[in-house]
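Structure file work.txt (compact mmCIF, N, CA and C atoms) is printed below.
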# COMPACT_ATOMS: atom_id res chain seq x y z
N MET A 1 20.81 -14.04 13.61
CA MET A 1 19.86 -12.97 13.80
C MET A 1 19.21 -13.14 15.16
N ASN A 2 19.20 -12.08 15.92
CA ASN A 2 18.54 -12.06 17.22
C ASN A 2 17.49 -10.95 17.19
N ILE A 3 16.27 -11.28 17.55
CA ILE A 3 15.19 -10.30 17.54
C ILE A 3 14.55 -10.26 18.91
N THR A 4 14.53 -9.08 19.50
CA THR A 4 13.82 -8.90 20.76
C THR A 4 12.62 -7.99 20.49
N HIS A 5 11.62 -8.15 21.30
CA HIS A 5 10.44 -7.31 21.15
C HIS A 5 10.02 -6.75 22.50
N ARG A 6 9.37 -5.60 22.42
CA ARG A 6 8.81 -4.99 23.61
C ARG A 6 7.64 -4.13 23.18
N VAL A 7 6.78 -3.84 24.09
CA VAL A 7 5.67 -2.93 23.83
C VAL A 7 5.99 -1.64 24.56
N ASP A 8 5.99 -0.55 23.82
CA ASP A 8 6.30 0.77 24.38
C ASP A 8 5.15 1.71 24.06
N ASN A 9 4.38 2.06 25.08
CA ASN A 9 3.25 2.97 24.91
C ASN A 9 2.30 2.49 23.82
N GLY A 10 2.04 1.19 23.81
CA GLY A 10 1.10 0.61 22.85
C GLY A 10 1.71 0.25 21.50
N ALA A 11 2.97 0.55 21.30
CA ALA A 11 3.64 0.23 20.03
C ALA A 11 4.53 -1.00 20.21
N LEU A 12 4.52 -1.87 19.21
CA LEU A 12 5.42 -3.02 19.19
C LEU A 12 6.75 -2.57 18.62
N VAL A 13 7.82 -2.76 19.38
CA VAL A 13 9.17 -2.42 18.92
C VAL A 13 9.92 -3.73 18.74
N LEU A 14 10.35 -3.99 17.50
CA LEU A 14 11.19 -5.16 17.19
C LEU A 14 12.62 -4.66 17.01
N SER A 15 13.52 -5.10 17.86
CA SER A 15 14.93 -4.71 17.78
C SER A 15 15.70 -5.88 17.20
N LEU A 16 16.36 -5.63 16.08
CA LEU A 16 17.08 -6.69 15.38
C LEU A 16 18.58 -6.54 15.61
N LYS A 17 19.26 -7.67 15.71
CA LYS A 17 20.71 -7.69 15.88
C LYS A 17 21.29 -8.75 14.96
N GLY A 18 22.23 -8.35 14.11
CA GLY A 18 22.84 -9.26 13.14
C GLY A 18 22.51 -8.78 11.74
N ASN A 19 22.79 -9.59 10.76
CA ASN A 19 22.49 -9.23 9.37
C ASN A 19 21.21 -9.92 8.92
N LEU A 20 20.52 -9.27 8.01
CA LEU A 20 19.31 -9.83 7.41
C LEU A 20 19.61 -10.20 5.96
N THR A 21 20.51 -11.15 5.79
CA THR A 21 20.95 -11.47 4.44
C THR A 21 20.70 -12.92 4.03
N SER A 22 20.52 -13.80 4.99
CA SER A 22 20.32 -15.21 4.64
C SER A 22 18.86 -15.60 4.81
N GLU A 23 18.52 -16.74 4.26
CA GLU A 23 17.16 -17.26 4.41
C GLU A 23 16.82 -17.51 5.87
N GLY A 24 17.81 -17.99 6.64
CA GLY A 24 17.60 -18.23 8.07
C GLY A 24 17.30 -16.94 8.82
N ASP A 25 18.01 -15.87 8.46
CA ASP A 25 17.75 -14.56 9.09
C ASP A 25 16.32 -14.12 8.81
N VAL A 26 15.91 -14.28 7.57
CA VAL A 26 14.56 -13.87 7.17
C VAL A 26 13.51 -14.74 7.86
N ASP A 27 13.82 -16.02 8.05
CA ASP A 27 12.90 -16.90 8.78
C ASP A 27 12.68 -16.39 10.21
N GLU A 28 13.74 -15.91 10.84
CA GLU A 28 13.61 -15.34 12.19
C GLU A 28 12.73 -14.10 12.17
N LEU A 29 12.90 -13.27 11.16
CA LEU A 29 12.07 -12.08 11.01
C LEU A 29 10.61 -12.48 10.79
N LYS A 30 10.38 -13.47 9.93
CA LYS A 30 9.02 -13.96 9.68
C LYS A 30 8.35 -14.42 10.98
N LYS A 31 9.09 -15.21 11.78
CA LYS A 31 8.54 -15.72 13.03
C LYS A 31 8.17 -14.58 13.97
N ALA A 32 9.03 -13.60 14.07
CA ALA A 32 8.76 -12.46 14.95
C ALA A 32 7.51 -11.72 14.50
N ILE A 33 7.39 -11.52 13.20
CA ILE A 33 6.23 -10.81 12.66
C ILE A 33 4.96 -11.64 12.87
N GLN A 34 5.02 -12.92 12.57
CA GLN A 34 3.85 -13.78 12.71
C GLN A 34 3.43 -13.92 14.17
N ASN A 35 4.40 -13.92 15.09
CA ASN A 35 4.09 -14.08 16.51
C ASN A 35 3.55 -12.82 17.17
N HIS A 36 3.88 -11.66 16.62
CA HIS A 36 3.57 -10.42 17.34
C HIS A 36 2.67 -9.44 16.60
N VAL A 37 2.49 -9.62 15.31
CA VAL A 37 1.66 -8.67 14.56
C VAL A 37 0.32 -9.32 14.25
N ASN A 38 -0.74 -8.60 14.60
CA ASN A 38 -2.10 -9.09 14.37
C ASN A 38 -3.01 -7.88 14.14
N PRO A 39 -4.29 -8.09 13.86
CA PRO A 39 -5.17 -6.94 13.58
C PRO A 39 -5.24 -5.91 14.72
N ALA A 40 -4.95 -6.31 15.94
CA ALA A 40 -4.97 -5.35 17.05
C ALA A 40 -3.70 -4.51 17.12
N THR A 41 -2.66 -4.94 16.42
CA THR A 41 -1.39 -4.21 16.40
C THR A 41 -1.54 -3.01 15.46
N LYS A 42 -1.37 -1.83 15.99
CA LYS A 42 -1.57 -0.63 15.18
C LYS A 42 -0.28 0.11 14.86
N TYR A 43 0.79 -0.24 15.54
CA TYR A 43 2.03 0.49 15.32
C TYR A 43 3.21 -0.43 15.57
N VAL A 44 4.07 -0.57 14.57
CA VAL A 44 5.27 -1.40 14.68
C VAL A 44 6.47 -0.56 14.31
N VAL A 45 7.49 -0.62 15.15
CA VAL A 45 8.77 0.04 14.88
C VAL A 45 9.82 -1.05 14.75
N VAL A 46 10.53 -1.07 13.64
CA VAL A 46 11.62 -2.02 13.44
C VAL A 46 12.93 -1.27 13.63
N ASP A 47 13.62 -1.60 14.72
CA ASP A 47 14.88 -0.94 15.08
C ASP A 47 16.04 -1.70 14.44
N LEU A 48 16.72 -1.03 13.52
CA LEU A 48 17.82 -1.67 12.77
C LEU A 48 19.20 -1.18 13.22
N GLU A 49 19.27 -0.63 14.43
CA GLU A 49 20.53 -0.06 14.91
C GLU A 49 21.68 -1.06 14.89
N GLN A 50 21.40 -2.32 15.18
CA GLN A 50 22.46 -3.33 15.25
C GLN A 50 22.46 -4.26 14.03
N VAL A 51 21.96 -3.75 12.91
CA VAL A 51 21.95 -4.50 11.66
C VAL A 51 22.85 -3.78 10.66
N GLU A 52 23.81 -4.50 10.12
CA GLU A 52 24.75 -3.91 9.17
C GLU A 52 24.25 -4.00 7.73
N HIS A 53 23.70 -5.15 7.36
CA HIS A 53 23.26 -5.38 5.98
C HIS A 53 21.87 -6.00 5.93
N VAL A 54 21.09 -5.59 4.92
CA VAL A 54 19.77 -6.14 4.67
C VAL A 54 19.71 -6.61 3.23
N GLY A 55 19.31 -7.86 3.01
CA GLY A 55 19.20 -8.40 1.66
C GLY A 55 17.82 -8.20 1.06
N GLY A 56 17.70 -8.56 -0.19
CA GLY A 56 16.45 -8.38 -0.92
C GLY A 56 15.28 -9.17 -0.35
N LEU A 57 15.54 -10.39 0.10
CA LEU A 57 14.47 -11.21 0.68
C LEU A 57 13.90 -10.55 1.94
N ALA A 58 14.78 -10.01 2.77
CA ALA A 58 14.34 -9.31 3.98
C ALA A 58 13.56 -8.05 3.64
N LEU A 59 14.02 -7.32 2.63
CA LEU A 59 13.28 -6.13 2.19
C LEU A 59 11.87 -6.51 1.75
N GLY A 60 11.78 -7.63 1.05
CA GLY A 60 10.47 -8.11 0.61
C GLY A 60 9.55 -8.37 1.79
N TRP A 61 10.08 -8.96 2.85
CA TRP A 61 9.26 -9.22 4.04
C TRP A 61 8.88 -7.92 4.74
N LEU A 62 9.78 -6.96 4.77
CA LEU A 62 9.43 -5.67 5.38
C LEU A 62 8.36 -4.96 4.57
N VAL A 63 8.45 -5.03 3.25
CA VAL A 63 7.41 -4.45 2.39
C VAL A 63 6.08 -5.13 2.65
N GLY A 64 6.09 -6.46 2.70
CA GLY A 64 4.87 -7.21 2.97
C GLY A 64 4.28 -6.89 4.33
N THR A 65 5.14 -6.69 5.32
CA THR A 65 4.66 -6.36 6.66
C THR A 65 4.06 -4.96 6.69
N ARG A 66 4.66 -4.04 5.98
CA ARG A 66 4.09 -2.69 5.91
C ARG A 66 2.70 -2.73 5.27
N LYS A 67 2.57 -3.51 4.20
CA LYS A 67 1.27 -3.64 3.54
C LYS A 67 0.26 -4.31 4.47
N LEU A 68 0.69 -5.30 5.24
CA LEU A 68 -0.17 -5.95 6.21
C LEU A 68 -0.64 -4.95 7.26
N MET A 69 0.28 -4.10 7.72
CA MET A 69 -0.07 -3.09 8.71
C MET A 69 -1.10 -2.12 8.14
N GLU A 70 -0.98 -1.76 6.87
CA GLU A 70 -1.97 -0.90 6.23
C GLU A 70 -3.34 -1.58 6.22
N LYS A 71 -3.34 -2.87 5.94
CA LYS A 71 -4.59 -3.63 5.96
C LYS A 71 -5.22 -3.59 7.34
N TYR A 72 -4.40 -3.64 8.38
CA TYR A 72 -4.86 -3.57 9.76
C TYR A 72 -5.10 -2.13 10.21
N GLU A 73 -4.95 -1.19 9.29
CA GLU A 73 -5.06 0.25 9.58
C GLU A 73 -4.01 0.68 10.60
N GLY A 74 -2.82 0.10 10.46
CA GLY A 74 -1.71 0.43 11.34
C GLY A 74 -0.54 0.96 10.54
N LYS A 75 0.59 1.11 11.21
CA LYS A 75 1.79 1.66 10.57
C LYS A 75 3.02 0.84 10.95
N LEU A 76 3.98 0.84 10.04
CA LEU A 76 5.29 0.24 10.29
C LEU A 76 6.34 1.27 9.93
N HIS A 77 7.27 1.50 10.85
CA HIS A 77 8.35 2.45 10.62
C HIS A 77 9.70 1.78 10.90
N LEU A 78 10.71 2.24 10.21
CA LEU A 78 12.08 1.76 10.42
C LEU A 78 12.86 2.83 11.17
N THR A 79 13.79 2.39 12.01
CA THR A 79 14.64 3.35 12.73
C THR A 79 16.09 2.91 12.72
N ASN A 80 16.95 3.89 12.97
CA ASN A 80 18.38 3.64 13.15
C ASN A 80 19.03 2.93 11.97
N ILE A 81 18.69 3.33 10.74
CA ILE A 81 19.32 2.67 9.60
C ILE A 81 20.71 3.25 9.36
N ASN A 82 21.63 2.40 8.96
CA ASN A 82 22.98 2.87 8.65
C ASN A 82 23.09 3.20 7.16
N CYS A 83 24.27 3.62 6.73
CA CYS A 83 24.45 4.04 5.33
C CYS A 83 24.26 2.87 4.36
N ASN A 84 24.61 1.64 4.75
CA ASN A 84 24.40 0.48 3.87
C ASN A 84 22.92 0.22 3.62
N ILE A 85 22.14 0.28 4.68
CA ILE A 85 20.70 0.04 4.56
C ILE A 85 20.04 1.19 3.80
N LYS A 86 20.45 2.40 4.10
CA LYS A 86 19.90 3.56 3.39
C LYS A 86 20.18 3.46 1.89
N GLU A 87 21.40 3.05 1.54
CA GLU A 87 21.75 2.89 0.13
C GLU A 87 20.88 1.83 -0.53
N MET A 88 20.66 0.70 0.15
CA MET A 88 19.82 -0.37 -0.39
C MET A 88 18.38 0.12 -0.58
N LEU A 89 17.85 0.84 0.39
CA LEU A 89 16.49 1.37 0.28
C LEU A 89 16.39 2.40 -0.85
N THR A 90 17.44 3.18 -1.02
CA THR A 90 17.45 4.19 -2.09
C THR A 90 17.53 3.53 -3.46
N LYS A 91 18.42 2.55 -3.60
CA LYS A 91 18.58 1.85 -4.89
C LYS A 91 17.31 1.13 -5.32
N THR A 92 16.57 0.63 -4.35
CA THR A 92 15.35 -0.12 -4.65
C THR A 92 14.11 0.79 -4.63
N ASP A 93 14.34 2.08 -4.47
CA ASP A 93 13.27 3.09 -4.46
C ASP A 93 12.30 2.89 -3.30
N LEU A 94 12.78 2.30 -2.20
CA LEU A 94 11.92 2.04 -1.05
C LEU A 94 12.02 3.12 0.04
N MET A 95 12.93 4.08 -0.12
CA MET A 95 12.99 5.17 0.86
C MET A 95 11.68 5.94 0.85
N LYS A 96 11.01 5.98 -0.29
CA LYS A 96 9.71 6.66 -0.39
C LYS A 96 8.60 5.84 0.24
N PHE A 97 8.78 4.53 0.27
CA PHE A 97 7.76 3.60 0.75
C PHE A 97 7.73 3.53 2.28
N PHE A 98 8.91 3.55 2.90
CA PHE A 98 9.01 3.44 4.35
C PHE A 98 9.20 4.80 5.00
N LYS A 99 8.61 4.96 6.18
CA LYS A 99 8.93 6.10 7.04
C LYS A 99 10.14 5.66 7.84
N VAL A 100 11.21 6.46 7.80
CA VAL A 100 12.44 6.13 8.49
C VAL A 100 12.75 7.25 9.49
N TYR A 101 13.04 6.86 10.72
CA TYR A 101 13.35 7.81 11.78
C TYR A 101 14.73 7.52 12.34
N PRO A 102 15.40 8.55 12.85
CA PRO A 102 16.76 8.35 13.36
C PRO A 102 16.83 7.49 14.61
N THR A 103 15.76 7.51 15.43
CA THR A 103 15.76 6.73 16.68
C THR A 103 14.36 6.15 16.91
N VAL A 104 14.32 5.16 17.78
CA VAL A 104 13.04 4.58 18.17
C VAL A 104 12.19 5.65 18.87
N GLY A 105 12.83 6.44 19.72
CA GLY A 105 12.11 7.49 20.43
C GLY A 105 11.41 8.46 19.49
N GLU A 106 12.10 8.85 18.41
CA GLU A 106 11.50 9.76 17.43
C GLU A 106 10.31 9.11 16.75
N ALA A 107 10.45 7.85 16.40
CA ALA A 107 9.34 7.14 15.73
C ALA A 107 8.13 7.03 16.67
N LEU A 108 8.37 6.80 17.93
CA LEU A 108 7.28 6.67 18.90
C LEU A 108 6.58 8.00 19.14
N LYS A 109 7.31 9.09 19.08
CA LYS A 109 6.71 10.42 19.27
C LYS A 109 5.76 10.79 18.13
N ILE A 110 6.12 10.41 16.91
CA ILE A 110 5.42 10.88 15.72
C ILE A 110 4.18 10.05 15.42
N ARG A 111 4.13 8.86 15.86
CA ARG A 111 3.05 7.97 15.44
C ARG A 111 1.72 8.60 15.58

Before we go any further, please render this structure as structure tokens.
Amino acid sequence: MNITHRVDNGALVLSLKGNLTSEGDVDELKKAIQNHVNPATKYVVVDLEQVEHVGGLALGWLVGTRKLMEKYEGKLHLTNINCNIKEMLTKTDLMKFFKVYPTVGEALKIR
């Protein structure tokens, strides 16, 4: 798992590359979230364009991060999900929980 971050117009964009299926992958996600998300962070976009599969543990961390963002009065959005990730979110009834946008640019416009 490779995670890069950037700030775009005040929003934190986390771009993930690889699969989010192992404990090690989730540990990388945890580190990125812990290192970059704080009460001053009001908008986070997680770009999944280069992620093929997401496991349950990773979904749990994304759910927890969205709840943390709500506590900080911020938002977390997902972008560029493929059909595998969409199916996983649908099966777990999380498509209703997350705002999903086709591109990072779209997510940044709507915030």

Which residues are near stretch 7-15 of chain A? Cut-off 10 Å, only C-alpha atoms, ignore same chain within fewer than 6 positions. Put them as an MDAnalysis selection string.
chainID A and resid 29 32:33 36:37 41:51 75:79 104:105 107:109 111

When you count only C-alpha atoms, which of these residues is closest to A:Asn35: A:Pro102, A:Glu70, A:Phe97, A:His5?
A:His5

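From atom N of A:Gln34 back to atom CA of A:Met95, the distance works out to 23.0 Å.
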
Among the residues of chain A, find those DSSP assigns to alpha helix (DSSP H) from the backbone and print them as a PyMOL selection string.
chain A and resi 23-36+56-71+83-91+104-110

Using DSSP on the backbone coordinates, identify the residues of chain A assigned to strand (DSSP E or B); present them as an MDAnalysis selection string.
chainID A and resid 2:8 11:17 20 43:50 54 75:79 99:101

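With atom CA of A:Asn84 on one side and atom C of A:His53 on the other, the separation reads 7.3 Å.
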